[in-house]
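Heads up, the thing below is written out as structure tokens.
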Amino acid sequence: MEPDDSTNYQDDYYGDEYYDDMFESTLHYCILPVIAQVTSVFLKLFGLAAIVSILNQLKWKKLTLSLDTTLGILCAFLFYQSSTLFIVILVVLSYAVLVLFSSSGKCGPAMILVNLAFVFICELLVVSPELWHQIRGTIILLLMKTTSVGFDIDAGVLVPPDILLFSGYSLSPVSLVFGPFVTLPDYRRSKDSKFDKKTLISICSSLCLAYLTVLISSCVLPSLIDTSSYTLVQAYVTAMSFRTSHYFVSYTSQVSALIGGFQHSEKFYVVQPSKVEIPKSMASVAVAWNLPMHYWLKTYVYKKTRSY
């Protein structure tokens, strides 16, 4: 018996209608709300980074350092509200360690011990799990920054910074919330940086990639999980969603750093997704996943622990 053409047409019609409805639903209930939410975050973060960049052009060193600290506290308050207090306490505590141990040659290890003690006390005894989950990324970034200063002082690479330079570096809104990790010399160089065409292109491309990756992670991939019945496909899509969310954070920090003047080279990268998705080795994945983090681990953890 020949199939009824009208039935085939009806099946095709309802199939197209289903996918049209799914796209429309995804657009209105996921894509547009996510874009709006991310844009509100970007306006706060990149707005403060732009203010820092404008102030850098004034060449008033003490004023810009003071305003970096002030804007950093404001940035922390915008994102973390009352939990900002713990961030400020950690910076003050770290500077106290720097003053006490800068001439002993053990500033780096002392900074690590004191900071880790602060982290454990806050996480286990003082801060609620909900609040700690919000600020722990910034706390880790501060720990990385302050320990790098301590070890660089021990190595003779840096002279002990004054309180304005240390607080401006630690609390700079350019790298306080999403990162990336930057060294104190990088922070100093950012005060003399100037925008050029290549930097502007890098900012625009990184911003587009940030939007793209957050939409893929939040909207596109979850819809694929819902429509697929294969376990392996669901597992791959779930892992891909995690990776793209990491790419979003990395591109966000990359944009913030570029706006704020942290141009280490002609092209500044935080993550290299192509080397993660199509790696030549597992080592290349570890490096490309977060380049500033890899630099910190290699310079201030691996190389330092080899001497013990």
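Here's how to read the names in the structure tokens: chain A, B, ... by the order shown, residue numbers from 1 in each chain, ligand numbers from 1 in the order shown.
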Report as an MDAnalysis selection string all protein, DNA and RNA residues lying within 8 Å of Ser218 of chain A, evaluated on only C-alpha atoms, omitting residues in the same chain fewer than 2 positions from it.
chainID A and resid 30 34 214:216 220:222 241 245
Please tabulate, as a tab-separated table, the residues of segment 110-215 of chain A that come within 8 Å of segment 277-297 of chain A, each with its closest pair of atoms and the distance in Å to one decimal, counting only C-alpha atoms and ordering rows by chain, then residue number upward.
residue	atom	partner	partner_atom	distance
A:Met144	CA	A:Trp296	CA	7.4
A:Ser148	CA	A:Trp296	CA	7.7
A:Pro180	CA	A:Pro292	CA	6.4
A:Phe181	CA	A:Pro292	CA	5.6
A:Val182	CA	A:Pro292	CA	7.1
Those same residues, written as a PDB file, in the first residue's frame with C-alpha atoms?
ATOM      1  CA  MET A 144      47.787  34.376  43.634  1.00  0.00           C
ATOM      2  CA  SER A 148      53.575  36.328  43.588  1.00  0.00           C
ATOM      3  CA  PRO A 180      43.120  37.201  34.857  1.00  0.00           C
ATOM      4  CA  PHE A 181      46.153  36.842  37.073  1.00  0.00           C
ATOM      5  CA  VAL A 182      48.695  39.557  36.360  1.00  0.00           C
TER       6      VAL A 182
END
Rank nothing, just name the residue among A:Ile139, A:Val255, A:Leu93, A:Leu78 nearest to Ser40 of chain A, using only C-alpha atoms.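 Answer, going by the shortest atom-to-atom distance: A:Leu78.
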Checklist entry - In Å, with one decimal, what is the gap from atom CA of Gly72 of chain A to atom CA of Tyr211 of chain A? => result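 Those two atoms sit 24.3 Å apart.
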From atom CA of Val157 of chain A to atom CA of Val174 of chain A the spacing works out at 23.6 Å
Residue nearest Ser83 of chain A - candidates A:Tyr187, A:Trp132, A:Tyr29, A:Tyr169, atoms counted: only C-alpha atoms: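 Of A:Tyr187, A:Trp132, A:Tyr29, A:Tyr169, the one nearest Ser83 of chain A, counting only C-alpha atoms, is A:Trp132.
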(Q) At a cut-off of 10 Å, using only C-alpha atoms, what residues contact Leu209 of chain A? Leave out same-chain residues fewer than 5 positions from it and give the result as number ranges by chain. (A) A: 203-204, 214-215, 247-248, 250-252
* So which one's closest to Leu165 of chain A, A:Ser66, A:Thr138, A:Gln37, A:Thr244? Using only C-alpha atoms, please. ->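 Smallest separation from Leu165 of chain A among the options: A:Ser66.
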With only C-alpha atoms as the counted atoms, please give the residues lying no more than 10 Å from Leu164 of chain A, apart from itself and same-chain residues fewer than 3 positions off, as a compact mmCIF listing (two decimals) with N, CA, C and O atoms, in the first residue's frame.
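As written to disk, result_10.txt reads:
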# COMPACT_ATOMS: atom_id res chain seq x y z
N LYS A 61 50.39 59.35 39.25
CA LYS A 61 50.61 58.01 39.78
C LYS A 61 49.85 57.76 41.08
O LYS A 61 49.08 56.80 41.19
N LYS A 62 50.05 58.60 42.07
CA LYS A 62 49.43 58.35 43.37
C LYS A 62 47.91 58.44 43.29
O LYS A 62 47.20 57.67 43.94
N LEU A 63 47.42 59.36 42.48
CA LEU A 63 45.98 59.49 42.34
C LEU A 63 45.39 58.26 41.66
O LEU A 63 44.36 57.72 42.11
N THR A 64 46.03 57.78 40.60
CA THR A 64 45.51 56.62 39.89
C THR A 64 45.56 55.36 40.76
O THR A 64 44.64 54.54 40.72
N LEU A 65 46.61 55.23 41.56
CA LEU A 65 46.70 54.07 42.45
C LEU A 65 45.60 54.12 43.52
O LEU A 65 44.98 53.11 43.84
N SER A 66 45.37 55.31 44.06
CA SER A 66 44.32 55.47 45.06
C SER A 66 42.95 55.18 44.46
O SER A 66 42.11 54.51 45.08
N LEU A 67 42.74 55.67 43.24
CA LEU A 67 41.45 55.44 42.59
C LEU A 67 41.28 53.98 42.17
O LEU A 67 40.16 53.47 42.16
N ASP A 68 42.38 53.31 41.83
CA ASP A 68 42.30 51.87 41.55
C ASP A 68 41.78 51.12 42.77
O ASP A 68 40.93 50.23 42.67
N THR A 69 42.31 51.48 43.94
CA THR A 69 41.85 50.85 45.18
C THR A 69 40.39 51.15 45.43
O THR A 69 39.59 50.25 45.75
N PRO A 161 56.62 46.96 47.66
CA PRO A 161 55.78 48.09 47.23
C PRO A 161 55.18 48.82 48.42
O PRO A 161 55.00 48.24 49.50
N SER A 167 47.84 47.89 47.24
CA SER A 167 46.38 47.84 47.25
C SER A 167 45.79 48.09 45.87
O SER A 167 44.80 47.47 45.48
N GLY A 168 46.41 49.00 45.11
CA GLY A 168 45.94 49.24 43.75
C GLY A 168 46.08 48.01 42.88
O GLY A 168 45.17 47.68 42.09
N TYR A 169 47.20 47.33 43.01
CA TYR A 169 47.43 46.09 42.26
C TYR A 169 46.47 44.99 42.69
O TYR A 169 45.84 44.32 41.86
N SER A 170 46.33 44.82 43.99
CA SER A 170 45.49 43.72 44.50
C SER A 170 44.02 43.93 44.19
O SER A 170 43.30 42.99 43.83
Practice problem: Skip segment 194-201 of chain A itself and residues of its chain fewer than 5 positions away, then list as a list in words all residues within 10 Å of it, counting only C-alpha atoms. | Solution: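 Near neighbours after the sequence-gap exclusion: Ser53, Ile54, Asn56, Gln57, Ser206, Leu207, Val255, Leu258, Ile259, Gly260, Gly261, Phe262, Gln263, Glu266, Lys267 and Phe268 of chain A.
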With all heavy atoms retained, write the just-selected residues as a CSV table (one decimal), in the first residue's frame.
chain,number,residue,atom,x,y,z
A,53,SER,N,41.4,52.8,32.6
A,53,SER,CA,42.2,53.1,31.5
A,53,SER,C,42.3,54.6,31.2
A,53,SER,O,43.4,55.1,30.8
A,53,SER,CB,41.6,52.4,30.2
A,53,SER,OG,42.3,52.6,29.1
A,54,ILE,N,41.2,55.3,31.4
A,54,ILE,CA,41.2,56.8,31.2
A,54,ILE,C,42.1,57.4,32.2
A,54,ILE,O,42.9,58.3,31.9
A,54,ILE,CB,39.7,57.3,31.3
A,54,ILE,CG1,38.9,56.8,30.1
A,54,ILE,CG2,39.8,58.8,31.3
A,54,ILE,CD1,37.4,57.1,30.2
A,56,ASN,N,44.6,56.2,33.7
A,56,ASN,CA,46.0,55.8,33.4
A,56,ASN,C,46.6,56.9,32.4
A,56,ASN,O,47.9,57.1,32.5
A,56,ASN,CB,46.1,54.5,32.7
A,56,ASN,CG,45.9,53.3,33.7
A,56,ASN,OD1,45.9,53.5,34.9
A,56,ASN,ND2,45.6,52.2,33.2
A,57,GLN,N,45.8,57.5,31.6
A,57,GLN,CA,46.3,58.5,30.7
A,57,GLN,C,46.7,59.8,31.4
A,57,GLN,O,47.4,60.6,30.8
A,57,GLN,CB,45.3,58.8,29.6
A,57,GLN,CG,44.8,57.5,28.9
A,57,GLN,CD,45.9,56.6,28.3
A,57,GLN,OE1,46.8,57.1,27.7
A,57,GLN,NE2,45.7,55.3,28.6
A,206,SER,N,37.2,39.5,21.2
A,206,SER,CA,37.0,38.7,22.5
A,206,SER,C,35.6,38.9,23.1
A,206,SER,O,35.1,38.0,23.7
A,206,SER,CB,38.1,39.2,23.5
A,206,SER,OG,39.4,38.9,23.0
A,207,LEU,N,35.1,40.1,22.9
A,207,LEU,CA,33.7,40.4,23.4
A,207,LEU,C,32.7,39.6,22.7
A,207,LEU,O,31.8,39.0,23.3
A,207,LEU,CB,33.4,41.9,23.3
A,207,LEU,CG,32.1,42.4,23.8
A,207,LEU,CD1,32.0,42.1,25.3
A,207,LEU,CD2,31.9,43.9,23.5
A,255,VAL,N,38.8,40.6,27.9
A,255,VAL,CA,38.3,41.9,27.5
A,255,VAL,C,38.6,42.9,28.6
A,255,VAL,O,39.1,44.0,28.3
A,255,VAL,CB,36.8,41.8,27.2
A,255,VAL,CG1,36.2,43.2,27.0
A,255,VAL,CG2,36.5,41.0,26.0
A,258,LEU,N,42.3,43.8,28.6
A,258,LEU,CA,42.7,44.6,27.4
A,258,LEU,C,42.2,46.0,27.6
A,258,LEU,O,43.0,47.0,27.3
A,258,LEU,CB,42.2,44.0,26.1
A,258,LEU,CG,42.9,42.7,25.7
A,258,LEU,CD1,42.1,42.0,24.6
A,258,LEU,CD2,44.3,42.9,25.2
A,259,ILE,N,41.0,46.2,28.1
A,259,ILE,CA,40.5,47.6,28.3
A,259,ILE,C,41.3,48.3,29.3
A,259,ILE,O,41.6,49.5,29.2
A,259,ILE,CB,39.0,47.5,28.7
A,259,ILE,CG1,38.1,47.0,27.5
A,259,ILE,CG2,38.5,48.9,29.1
A,259,ILE,CD1,36.7,46.8,27.9
A,260,GLY,N,41.7,47.5,30.4
A,260,GLY,CA,42.5,48.1,31.5
A,260,GLY,C,43.9,48.4,31.2
A,260,GLY,O,44.6,48.9,32.0
A,261,GLY,N,44.4,48.0,30.0
A,261,GLY,CA,45.8,48.3,29.6
A,261,GLY,C,46.8,47.1,29.8
A,261,GLY,O,48.0,47.3,29.6
A,262,PHE,N,46.3,45.9,30.1
A,262,PHE,CA,47.2,44.8,30.3
A,262,PHE,C,47.4,44.1,28.9
A,262,PHE,O,46.9,43.1,28.6
A,262,PHE,CB,46.6,43.8,31.3
A,262,PHE,CG,46.6,44.3,32.7
A,262,PHE,CD1,45.4,44.8,33.2
A,262,PHE,CD2,47.7,44.2,33.5
A,262,PHE,CE1,45.4,45.3,34.5
A,262,PHE,CE2,47.7,44.7,34.8
A,262,PHE,CZ,46.5,45.2,35.3
A,263,GLN,N,48.3,44.7,28.1
A,263,GLN,CA,48.7,44.1,26.9
A,263,GLN,C,50.1,43.6,27.0
A,263,GLN,O,51.1,44.4,26.9
A,263,GLN,CB,48.6,45.2,25.7
A,263,GLN,CG,47.2,45.6,25.5
A,263,GLN,CD,47.0,47.1,25.8
A,263,GLN,OE1,47.9,47.9,25.8
A,263,GLN,NE2,45.7,47.5,26.1
A,266,GLU,N,51.7,41.6,21.6
A,266,GLU,CA,50.9,42.1,20.5
A,266,GLU,C,49.5,41.5,20.6
A,266,GLU,O,48.5,42.1,20.3
A,266,GLU,CB,51.5,41.7,19.1
A,266,GLU,CG,50.8,42.3,17.9
A,266,GLU,CD,51.5,42.0,16.6
A,266,GLU,OE1,52.6,41.6,16.7
A,266,GLU,OE2,50.8,42.1,15.6
A,267,LYS,N,49.4,40.2,21.0
A,267,LYS,CA,48.1,39.6,21.2
A,267,LYS,C,48.1,39.0,22.6
A,267,LYS,O,49.0,38.3,23.0
A,267,LYS,CB,47.9,38.5,20.2
A,267,LYS,CG,47.6,39.0,18.8
A,267,LYS,CD,47.2,37.9,17.9
A,267,LYS,CE,46.8,38.4,16.5
A,267,LYS,NZ,46.4,37.3,15.6
A,268,PHE,N,47.1,39.4,23.4
A,268,PHE,CA,47.0,38.9,24.8
A,268,PHE,C,45.9,37.8,24.8
A,268,PHE,O,44.8,38.0,24.5
A,268,PHE,CB,46.6,40.1,25.7
A,268,PHE,CG,46.4,39.7,27.1
A,268,PHE,CD1,47.5,39.4,27.9
A,268,PHE,CD2,45.1,39.6,27.6
A,268,PHE,CE1,47.3,39.1,29.2
A,268,PHE,CE2,44.9,39.3,28.9
A,268,PHE,CZ,46.0,39.0,29.7
For Ile89 of chain A, which of A:Ser103, A:Ala50, A:Leu171, A:Ile112 is the closest residue, counting only C-alpha atoms?
->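 Of A:Ser103, A:Ala50, A:Leu171, A:Ile112, the one nearest Ile89 of chain A, counting only C-alpha atoms, is A:Leu171.
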Query raised in the report: Distance atom CA of Ser217 of chain A-atom CA of Leu176 of chain A, one decimal place?
Result: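 Between atom CA of Ser217 of chain A and atom CA of Leu176 of chain A the gap works out to 23.5 Å.
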Looking at A:Ser256, A:Thr146, A:Asp154, A:Ile163, which one is nearest to Ile51 of chain A, with distances taken over only C-alpha atoms?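 Of A:Ser256, A:Thr146, A:Asp154, A:Ile163, the one nearest Ile51 of chain A is A:Ser256, counting only C-alpha atoms.
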DSSP on the backbone: which residues in segment 72-294 of chain A end up as helix (DSSP H, G or I)? Give the answer as a ChimeraX atom specification.
/A:72-101,107-126,129-154,163-171,184-190,197-227,231-259,273-277,282-289,291-294
Counting only C-alpha atoms, figure out which residue out of A:Thr39, A:Ser223, A:Ser253, A:Ser205 gets nearest to Ser175 of chain A.
->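 Checking each of A:Thr39, A:Ser223, A:Ser253, A:Ser205 against Ser175 of chain A, counting only C-alpha atoms, the winner is A:Ser253.
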